[in-house]
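The file input.pdb comes next; it holds PDB, C-alpha atoms and all ligand atoms.
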```pdb
ATOM      1  CA  MET A   1      95.397  48.003  13.948  1.00  0.00           C
ATOM      2  CA  PRO A   2      93.708  49.017  17.234  1.00  0.00           C
ATOM      3  CA  GLN A   3      94.144  46.258  19.806  1.00  0.00           C
ATOM      4  CA  LEU A   4      90.428  45.435  20.233  1.00  0.00           C
ATOM      5  CA  LYS A   5      89.865  45.145  16.500  1.00  0.00           C
ATOM      6  CA  GLU A   6      92.954  42.984  16.175  1.00  0.00           C
ATOM      7  CA  LEU A   7      91.639  40.764  18.937  1.00  0.00           C
ATOM      8  CA  LEU A   8      88.247  40.475  17.229  1.00  0.00           C
ATOM      9  CA  VAL A   9      89.857  39.593  13.896  1.00  0.00           C
ATOM     10  CA  GLU A  10      92.004  36.894  15.536  1.00  0.00           C
ATOM     11  CA  GLN A  11      88.959  35.397  17.255  1.00  0.00           C
ATOM     12  CA  LEU A  12      87.048  35.415  13.965  1.00  0.00           C
ATOM     13  CA  GLN A  13      89.941  33.713  12.156  1.00  0.00           C
ATOM     14  CA  ASP A  14      89.870  30.953  14.763  1.00  0.00           C
ATOM     15  CA  LEU A  15      86.081  30.618  14.373  1.00  0.00           C
ATOM     16  CA  LEU A  16      86.302  30.502  10.585  1.00  0.00           C
ATOM     17  CA  HIS A  17      88.659  27.542  10.814  1.00  0.00           C
ATOM     18  CA  ALA A  18      86.486  25.874  13.475  1.00  0.00           C
ATOM     19  CA  GLU A  19      83.279  26.216  11.448  1.00  0.00           C
ATOM     20  CA  GLY A  20      85.018  25.058   8.276  1.00  0.00           C
ATOM     21  CA  GLN A  21      86.127  21.863   9.991  1.00  0.00           C
ATOM     22  CA  LEU A  22      82.600  21.271  11.271  1.00  0.00           C
ATOM     23  CA  THR A  23      81.137  21.271   7.778  1.00  0.00           C
ATOM     24  CA  GLY A  24      83.342  18.219   7.182  1.00  0.00           C
ATOM     25  CA  ALA A  25      82.562  16.510  10.486  1.00  0.00           C
ATOM     26  CA  LEU A  26      78.776  16.905  10.680  1.00  0.00           C
ATOM     27  CA  PRO A  27      77.944  14.613   7.735  1.00  0.00           C
ATOM     28  CA  LYS A  28      79.926  11.841   9.498  1.00  0.00           C
ATOM     29  CA  MET A  29      78.000  12.465  12.726  1.00  0.00           C
ATOM     30  CA  ALA A  30      74.713  12.314  10.774  1.00  0.00           C
ATOM     31  CA  GLN A  31      75.772   9.082   9.127  1.00  0.00           C
ATOM     32  CA  ALA A  32      76.700   7.516  12.477  1.00  0.00           C
ATOM     33  CA  ALA A  33      73.467   8.547  14.248  1.00  0.00           C
ATOM     34  CA  HIS A  34      70.843   5.809  14.656  1.00  0.00           C
ATOM     35  CA  HIS A  35      67.785   7.751  15.782  1.00  0.00           C
ATOM     36  CA  PRO A  36      66.125   9.545  12.845  1.00  0.00           C
ATOM     37  CA  LYS A  37      65.626  12.709  14.929  1.00  0.00           C
ATOM     38  CA  LEU A  38      69.337  12.842  15.771  1.00  0.00           C
ATOM     39  CA  LYS A  39      70.306  12.231  12.161  1.00  0.00           C
ATOM     40  CA  GLU A  40      67.955  15.020  11.130  1.00  0.00           C
ATOM     41  CA  ALA A  41      69.378  17.366  13.804  1.00  0.00           C
ATOM     42  CA  PHE A  42      72.923  16.850  12.494  1.00  0.00           C
ATOM     43  CA  GLU A  43      71.793  17.327   8.893  1.00  0.00           C
ATOM     44  CA  LYS A  44      69.920  20.501   9.799  1.00  0.00           C
ATOM     45  CA  HIS A  45      72.896  21.818  11.735  1.00  0.00           C
ATOM     46  CA  LEU A  46      75.185  21.134   8.777  1.00  0.00           C
ATOM     47  CA  VAL A  47      73.066  23.522   6.684  1.00  0.00           C
ATOM     48  CA  GLN A  48      73.161  26.075   9.519  1.00  0.00           C
ATOM     49  CA  THR A  49      76.936  25.645   9.843  1.00  0.00           C
ATOM     50  CA  GLU A  50      77.410  26.443   6.160  1.00  0.00           C
ATOM     51  CA  GLY A  51      75.452  29.613   6.924  1.00  0.00           C
ATOM     52  CA  HIS A  52      77.782  30.334   9.877  1.00  0.00           C
ATOM     53  CA  VAL A  53      80.786  30.239   7.541  1.00  0.00           C
ATOM     54  CA  GLU A  54      78.970  32.607   5.181  1.00  0.00           C
ATOM     55  CA  ARG A  55      78.098  35.030   8.026  1.00  0.00           C
ATOM     56  CA  LEU A  56      81.718  35.035   9.188  1.00  0.00           C
ATOM     57  CA  ARG A  57      82.817  35.967   5.664  1.00  0.00           C
ATOM     58  CA  GLN A  58      80.299  38.830   5.718  1.00  0.00           C
ATOM     59  CA  VAL A  59      81.646  40.011   9.088  1.00  0.00           C
ATOM     60  CA  PHE A  60      85.219  40.031   7.729  1.00  0.00           C
ATOM     61  CA  GLU A  61      83.978  42.118   4.819  1.00  0.00           C
ATOM     62  CA  MET A  62      82.236  44.570   7.154  1.00  0.00           C
ATOM     63  CA  LEU A  63      85.499  44.946   9.067  1.00  0.00           C
ATOM     64  CA  GLY A  64      87.473  45.394   5.845  1.00  0.00           C
ATOM     65  CA  GLU A  65      89.659  42.396   6.650  1.00  0.00           C
ATOM     66  CA  ALA A  66      90.571  39.269   4.681  1.00  0.00           C
ATOM     67  CA  ALA A  67      88.701  36.093   5.701  1.00  0.00           C
ATOM     68  CA  GLU A  68      91.807  34.069   6.604  1.00  0.00           C
ATOM     69  CA  PRO A  69      91.266  31.015   8.803  1.00  0.00           C
ATOM     70  CA  LYS A  70      93.714  30.373  11.640  1.00  0.00           C
ATOM     71  CA  PRO A  71      94.021  26.750  12.838  1.00  0.00           C
ATOM     72  CA  CYS A  72      91.662  26.183  15.779  1.00  0.00           C
ATOM     73  CA  LYS A  73      93.359  23.470  17.824  1.00  0.00           C
ATOM     74  CA  ALA A  74      90.479  23.198  20.260  1.00  0.00           C
ATOM     75  CA  MET A  75      87.992  22.316  17.516  1.00  0.00           C
ATOM     76  CA  MET A  76      90.518  19.948  15.934  1.00  0.00           C
ATOM     77  CA  GLY A  77      90.642  18.139  19.287  1.00  0.00           C
ATOM     78  CA  LEU A  78      86.867  18.086  19.697  1.00  0.00           C
ATOM     79  CA  ILE A  79      86.437  16.692  16.198  1.00  0.00           C
ATOM     80  CA  GLU A  80      89.127  14.090  16.894  1.00  0.00           C
ATOM     81  CA  GLU A  81      87.103  13.015  19.937  1.00  0.00           C
ATOM     82  CA  GLY A  82      83.976  12.960  17.800  1.00  0.00           C
ATOM     83  CA  LYS A  83      85.714  10.559  15.411  1.00  0.00           C
ATOM     84  CA  GLU A  84      86.681   8.335  18.340  1.00  0.00           C
ATOM     85  CA  THR A  85      83.068   8.386  19.518  1.00  0.00           C
ATOM     86  CA  ILE A  86      81.864   7.334  16.070  1.00  0.00           C
ATOM     87  CA  GLY A  87      84.430   4.510  16.010  1.00  0.00           C
ATOM     88  CA  GLU A  88      83.519   3.257  19.480  1.00  0.00           C
ATOM     89  CA  GLY A  89      79.792   3.429  18.661  1.00  0.00           C
ATOM     90  CA  GLY A  90      80.014   0.129  16.796  1.00  0.00           C
ATOM     91  CA  ASP A  91      80.586  -1.729  20.081  1.00  0.00           C
ATOM     92  CA  LYS A  92      77.660  -0.059  21.845  1.00  0.00           C
ATOM     93  CA  GLU A  93      73.886  -0.446  21.820  1.00  0.00           C
ATOM     94  CA  PRO A  94      72.382   2.028  19.322  1.00  0.00           C
ATOM     95  CA  ILE A  95      70.882   4.194  22.091  1.00  0.00           C
ATOM     96  CA  ALA A  96      74.157   4.411  24.021  1.00  0.00           C
ATOM     97  CA  ALA A  97      76.026   5.155  20.793  1.00  0.00           C
ATOM     98  CA  ASP A  98      73.575   8.001  20.035  1.00  0.00           C
ATOM     99  CA  LEU A  99      73.911   9.402  23.559  1.00  0.00           C
ATOM    100  CA  ALA A 100      77.702   9.393  23.157  1.00  0.00           C
ATOM    101  CA  LEU A 101      77.355  11.264  19.829  1.00  0.00           C
ATOM    102  CA  ILE A 102      75.134  13.834  21.564  1.00  0.00           C
ATOM    103  CA  ALA A 103      77.752  14.266  24.309  1.00  0.00           C
ATOM    104  CA  ALA A 104      80.450  14.909  21.697  1.00  0.00           C
ATOM    105  CA  ALA A 105      78.218  17.292  19.728  1.00  0.00           C
ATOM    106  CA  GLN A 106      77.221  19.294  22.804  1.00  0.00           C
ATOM    107  CA  ARG A 107      80.890  19.868  23.638  1.00  0.00           C
ATOM    108  CA  VAL A 108      81.269  21.389  20.182  1.00  0.00           C
ATOM    109  CA  GLU A 109      78.168  23.580  20.559  1.00  0.00           C
ATOM    110  CA  HIS A 110      79.290  24.849  23.962  1.00  0.00           C
ATOM    111  CA  TYR A 111      82.681  25.739  22.553  1.00  0.00           C
ATOM    112  CA  GLU A 112      81.027  27.681  19.742  1.00  0.00           C
ATOM    113  CA  ILE A 113      78.653  29.402  22.185  1.00  0.00           C
ATOM    114  CA  ALA A 114      81.692  30.625  24.159  1.00  0.00           C
ATOM    115  CA  CYS A 115      83.416  31.899  20.986  1.00  0.00           C
ATOM    116  CA  TYR A 116      80.362  33.681  19.578  1.00  0.00           C
ATOM    117  CA  GLY A 117      79.636  35.299  22.940  1.00  0.00           C
ATOM    118  CA  THR A 118      83.146  36.785  22.875  1.00  0.00           C
ATOM    119  CA  VAL A 119      83.107  38.008  19.261  1.00  0.00           C
ATOM    120  CA  ARG A 120      79.650  39.509  19.683  1.00  0.00           C
ATOM    121  CA  VAL A 121      80.679  41.532  22.719  1.00  0.00           C
ATOM    122  CA  LEU A 122      83.890  42.675  20.968  1.00  0.00           C
ATOM    123  CA  ALA A 123      81.929  43.737  17.872  1.00  0.00           C
ATOM    124  CA  ARG A 124      79.468  45.682  20.040  1.00  0.00           C
ATOM    125  CA  GLN A 125      82.296  47.370  21.907  1.00  0.00           C
ATOM    126  CA  LEU A 126      83.781  48.452  18.569  1.00  0.00           C
ATOM    127  CA  GLY A 127      80.432  49.854  17.443  1.00  0.00           C
ATOM    128  CA  GLU A 128      80.190  47.223  14.674  1.00  0.00           C
ATOM    129  CA  ILE A 129      76.482  46.779  15.206  1.00  0.00           C
ATOM    130  CA  ASP A 130      75.700  44.971  11.933  1.00  0.00           C
ATOM    131  CA  ALA A 131      78.518  42.516  12.544  1.00  0.00           C
ATOM    132  CA  ALA A 132      77.306  41.998  16.120  1.00  0.00           C
ATOM    133  CA  ARG A 133      73.805  41.279  14.794  1.00  0.00           C
ATOM    134  CA  LEU A 134      75.077  38.598  12.395  1.00  0.00           C
ATOM    135  CA  LEU A 135      77.170  36.990  15.134  1.00  0.00           C
ATOM    136  CA  SER A 136      74.141  37.075  17.403  1.00  0.00           C
ATOM    137  CA  GLN A 137      72.078  35.138  14.868  1.00  0.00           C
ATOM    138  CA  THR A 138      74.704  32.416  14.751  1.00  0.00           C
ATOM    139  CA  LEU A 139      74.958  32.362  18.538  1.00  0.00           C
ATOM    140  CA  GLY A 140      71.180  31.833  18.671  1.00  0.00           C
ATOM    141  CA  GLU A 141      71.431  28.863  16.311  1.00  0.00           C
ATOM    142  CA  GLU A 142      74.238  27.270  18.350  1.00  0.00           C
ATOM    143  CA  GLU A 143      72.128  27.663  21.493  1.00  0.00           C
ATOM    144  CA  SER A 144      69.014  26.166  19.888  1.00  0.00           C
ATOM    145  CA  THR A 145      71.064  23.256  18.579  1.00  0.00           C
ATOM    146  CA  ASP A 146      72.384  22.589  22.069  1.00  0.00           C
ATOM    147  CA  PHE A 147      68.815  22.721  23.398  1.00  0.00           C
ATOM    148  CA  LEU A 148      67.532  20.432  20.633  1.00  0.00           C
ATOM    149  CA  LEU A 149      70.260  17.870  21.433  1.00  0.00           C
ATOM    150  CA  THR A 150      69.192  17.910  25.090  1.00  0.00           C
ATOM    151  CA  MET A 151      65.563  17.362  24.021  1.00  0.00           C
ATOM    152  CA  ILE A 152      66.560  14.413  21.824  1.00  0.00           C
ATOM    153  CA  SER A 153      68.694  12.884  24.578  1.00  0.00           C
ATOM    154  CA  GLU A 154      65.936  12.795  27.201  1.00  0.00           C
ATOM    155  CA  PRO A 155      63.708  10.026  25.754  1.00  0.00           C
ATOM    156  CA  LEU A 156      66.844   8.106  24.727  1.00  0.00           C
ATOM    157  CA  MET A 157      68.074   8.168  28.321  1.00  0.00           C
ATOM    158  CA  GLN A 158      64.655   7.054  29.564  1.00  0.00           C
ATOM    159  CA  GLN A 159      64.690   4.187  27.090  1.00  0.00           C
ATOM    160  CA  ALA A 160      68.228   3.192  28.066  1.00  0.00           C
ATOM    161  CA  SER A 161      67.162   3.158  31.742  1.00  0.00           C
ATOM    162  CA  LEU A 162      64.195   0.922  30.921  1.00  0.00           C
ATOM    163  CA  ASP A 163      66.406  -1.371  28.874  1.00  0.00           C
ATOM    164  CA  ASP A 164      68.926  -1.596  31.719  1.00  0.00           C
ATOM    165  CA  MET A 165      66.180  -2.373  34.241  1.00  0.00           C
ATOM    166  CA  GLY A 166      64.584  -4.850  31.850  1.00  0.00           C
ATOM    167  CA  ALA A 167      67.913  -6.601  31.426  1.00  0.00           C
ATOM    168  CA  SER A 168      68.445  -6.995  35.166  1.00  0.00           C
ATOM    169  CA  THR A 169      64.816  -8.113  35.768  1.00  0.00           C
ATOM    170  CA  ASP A 170      65.100 -10.493  32.831  1.00  0.00           C
ATOM    171  CA  LEU A 171      67.940 -12.416  34.450  1.00  0.00           C
ATOM    172  CA  GLY A 172      65.825 -13.046  37.571  1.00  0.00           C
ATOM    173  CA  ALA A 173      62.765 -13.998  35.541  1.00  0.00           C
ATOM    174  CA  THR A 174      64.753 -16.426  33.442  1.00  0.00           C
ATOM    175  CA  ALA A 175      66.073 -18.193  36.508  1.00  0.00           C
ATOM    176  CA  GLU A 176      62.594 -18.259  38.077  1.00  0.00           C
ATOM    177  CA  ILE A 177      60.446 -19.589  35.252  1.00  0.00           C
ATOM    178  CA  GLY A 178      63.110 -21.260  33.204  1.00  0.00           C
ATOM    179  CA  THR A 179      62.426 -19.433  29.949  1.00  0.00           C
ATOM    180  CA  SER A 180      64.424 -17.015  27.928  1.00  0.00           C
ATOM    181  CA  SER A 181      61.410 -15.346  26.284  1.00  0.00           C
ATOM    182  CA  PRO A 182      61.632 -11.571  26.115  1.00  0.00           C
ATOM    183  CA  GLN A 183      60.138  -9.635  28.945  1.00  0.00           C
ATOM    184  CA  SER A 184      56.548  -8.469  28.492  1.00  0.00           C
ATOM    185  CA  PRO A 185      55.861  -4.737  28.344  1.00  0.00           C
ATOM    186  CA  SER A 186      53.597  -4.900  31.409  1.00  0.00           C
ATOM    187  CA  ARG A 187      56.363  -6.393  33.503  1.00  0.00           C
ATOM    188  CA  LYS A 188      58.703  -3.678  32.288  1.00  0.00           C
ATOM    189  CA  LYS A 189      56.195  -1.062  33.439  1.00  0.00           C
ATOM    190  CA  LYS A 190      55.949  -2.715  36.847  1.00  0.00           C
ATOM    191  CA  ALA A 191      59.716  -2.577  37.182  1.00  0.00           C
ATOM    192  CA  VAL A 192      59.631   1.162  36.511  1.00  0.00           C
ATOM    193  CA  LYS A 193      56.864   1.702  39.066  1.00  0.00           C
ATOM    194  CA  THR A 194      58.819  -0.193  41.696  1.00  0.00           C
ATOM    195  CA  ALA A 195      61.918   1.806  40.942  1.00  0.00           C
ATOM    196  CA  ARG A 196      59.985   5.080  41.160  1.00  0.00           C
ATOM    197  CA  GLY A 197      58.268   3.999  44.397  1.00  0.00           C
ATOM    198  CA  ALA A 198      61.638   3.247  45.943  1.00  0.00           C
ATOM    199  CA  ALA A 199      63.045   6.632  44.944  1.00  0.00           C
TER     200      ALA A 199
HETATM  201 FE    FE B 201      78.538  27.043  14.049  1.00  0.00          FE
HETATM  202 FE    FE B 202      77.308  24.588  15.923  1.00  0.00          FE
END
```
Would you kindly transcribe this structure into structure tokens?
Amino acid sequence: MPQLKELLVEQLQDLLHAEGQLTGALPKMAQAAHHPKLKEAFEKHLVQTEGHVERLRQVFEMLGEAAEPKPCKAMMGLIEEGKETIGEGGDKEPIAADLALIAAAQRVEHYEIACYGTVRVLARQLGEIDAARLLSQTLGEEESTDFLLTMISEPLMQQASLDDMGASTDLGATAEIGTSSPQSPSRKKKAVKTARGAA
């Protein structure tokens, strides 16, 4: 087999194994997510990931090669870390647990983005334009998923900041007025303003 085609096939075998593992991991991520938007993002990406496996099979067919997965140790490691993140989430506040899930998921998406960038360029170089187009579609979905995860993380981070500030202000307020009642929203807002003014 010509060396570039052999290289492409090897990369695709690695990706096929990686994507196959993800179809098993994403339902667990969805189950662990607290925020409905994050849950929904994982569920939606599971459906997309099943499509990624299907596209890879089509690419193998276009190349006239068998769709044989080759163990992808990198993805096995990333999924192992994802499992750890899910396990540790029980000891965290829901928002922090969700942010940790997003961090684990974005590592996975970035890994896939790197892989699909490589196989797309190899397919183009080999003149396999239809294969390159399919790989490009998947690459686009990995990139939008990464972007969506960033979008979901932003309000969560804002909320975590407010909670952290509220918690530190709360301690002072409790000592001052001798009550443990929860902080009022207006006081929370003031705390944010002060923090912004100081920045
Ligand atoms: Fe994928
Ligand atoms: Fe993905």
| message | Please find the residues contacting ligand FE 201 (chain B) at a distance of at most 6 Å between atoms, with all atoms listed in the file counted, and report them as a list of chain:residue names. | response |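 Checking all atoms listed in the file against ligand FE 201 (chain B) at 6 Å gives A:Glu19, A:Thr49, A:His52.
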Proximity check chain A to ligand FE 202 (chain B), 7 Å, nearest pairs one decimal Å, all atoms listed in the file, as a Markdown table:
```
| residue | atom | partner | partner_atom | distance |
| --- | --- | --- | --- | --- |
| A:His45 | CA | B:FE202 | FE | 6.7 |
| A:Thr49 | CA | B:FE202 | FE | 6.2 |
| A:Val108 | CA | B:FE202 | FE | 6.6 |
| A:Glu109 | CA | B:FE202 | FE | 4.8 |
| A:Glu112 | CA | B:FE202 | FE | 6.2 |
| A:Glu142 | CA | B:FE202 | FE | 4.7 |
| A:Thr145 | CA | B:FE202 | FE | 6.9 |
```
| said: I'd like to know which of A:Met157, A:Ala67, A:Ala103, A:Ile113 is closest to A:Ser144, using only C-alpha atoms. | reply: A:Ile113
| For A:His110: contacts at 10 Å, all atoms listed in the file, fewer than 4 positions along chain excluded, given as a ChimeraX atom specification | /A:105-106,114-116,142-143,145-146
| query | Which neighbours of A:Ala104 fall inside 8 Å, counting all atoms listed in the file, when residues of the same chain fewer than 4 positions from it are skipped, and could you give them as an NGL selection string? | reply | :A and (78 or 81-82 or 85 or 100 or 108)
| task | Determine the residue membership of the PyMOL selection byres (((chain A and resi 16) around 9) and not hetatm) for the file above and supply it as a ChimeraX atom specification. | result | /A:11-15,17-21,52-53,56-57,67-72
| query | Hey, what comes out of the PyMOL selection byres (((chain A and resi 152) around 10) and not hetatm) on this file? Could you write it as a list in words? | reply |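 Those residues are His35, Lys37, Leu38, Ala41, Asp98, Leu99, Ile102, Phe147, Leu148, Leu149, Thr150, Met151, Ser153, Glu154, Pro155, Leu156 and Met157 of chain A.
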| said: Translate the PyMOL selection byres (((chain A and resi 131) around 12) and not hetatm) into a concrete residue list for this structure, as a VMD selection string. | reply: chain A and resid 8 to 9 12 55 to 64 116 119 to 130 132 to 138
| Looking at only C-alpha atoms, which of A:Ala33, A:Gln48, A:Met76, A:Ile86 is the one that sits closest to A:Gly140? | A:Gln48
| request: For atom CA of A:Gly24 and atom CA of A:Ala96, quote the distance in Å rounded to one decimal. | output: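 Straight-line distance from atom CA of A:Gly24 to atom CA of A:Ala96 works out to 23.6 Å.
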| How far is it from atom CA of A:Ile79 to atom CA of A:Gly51, in Å with one decimal? | 19.3 Å
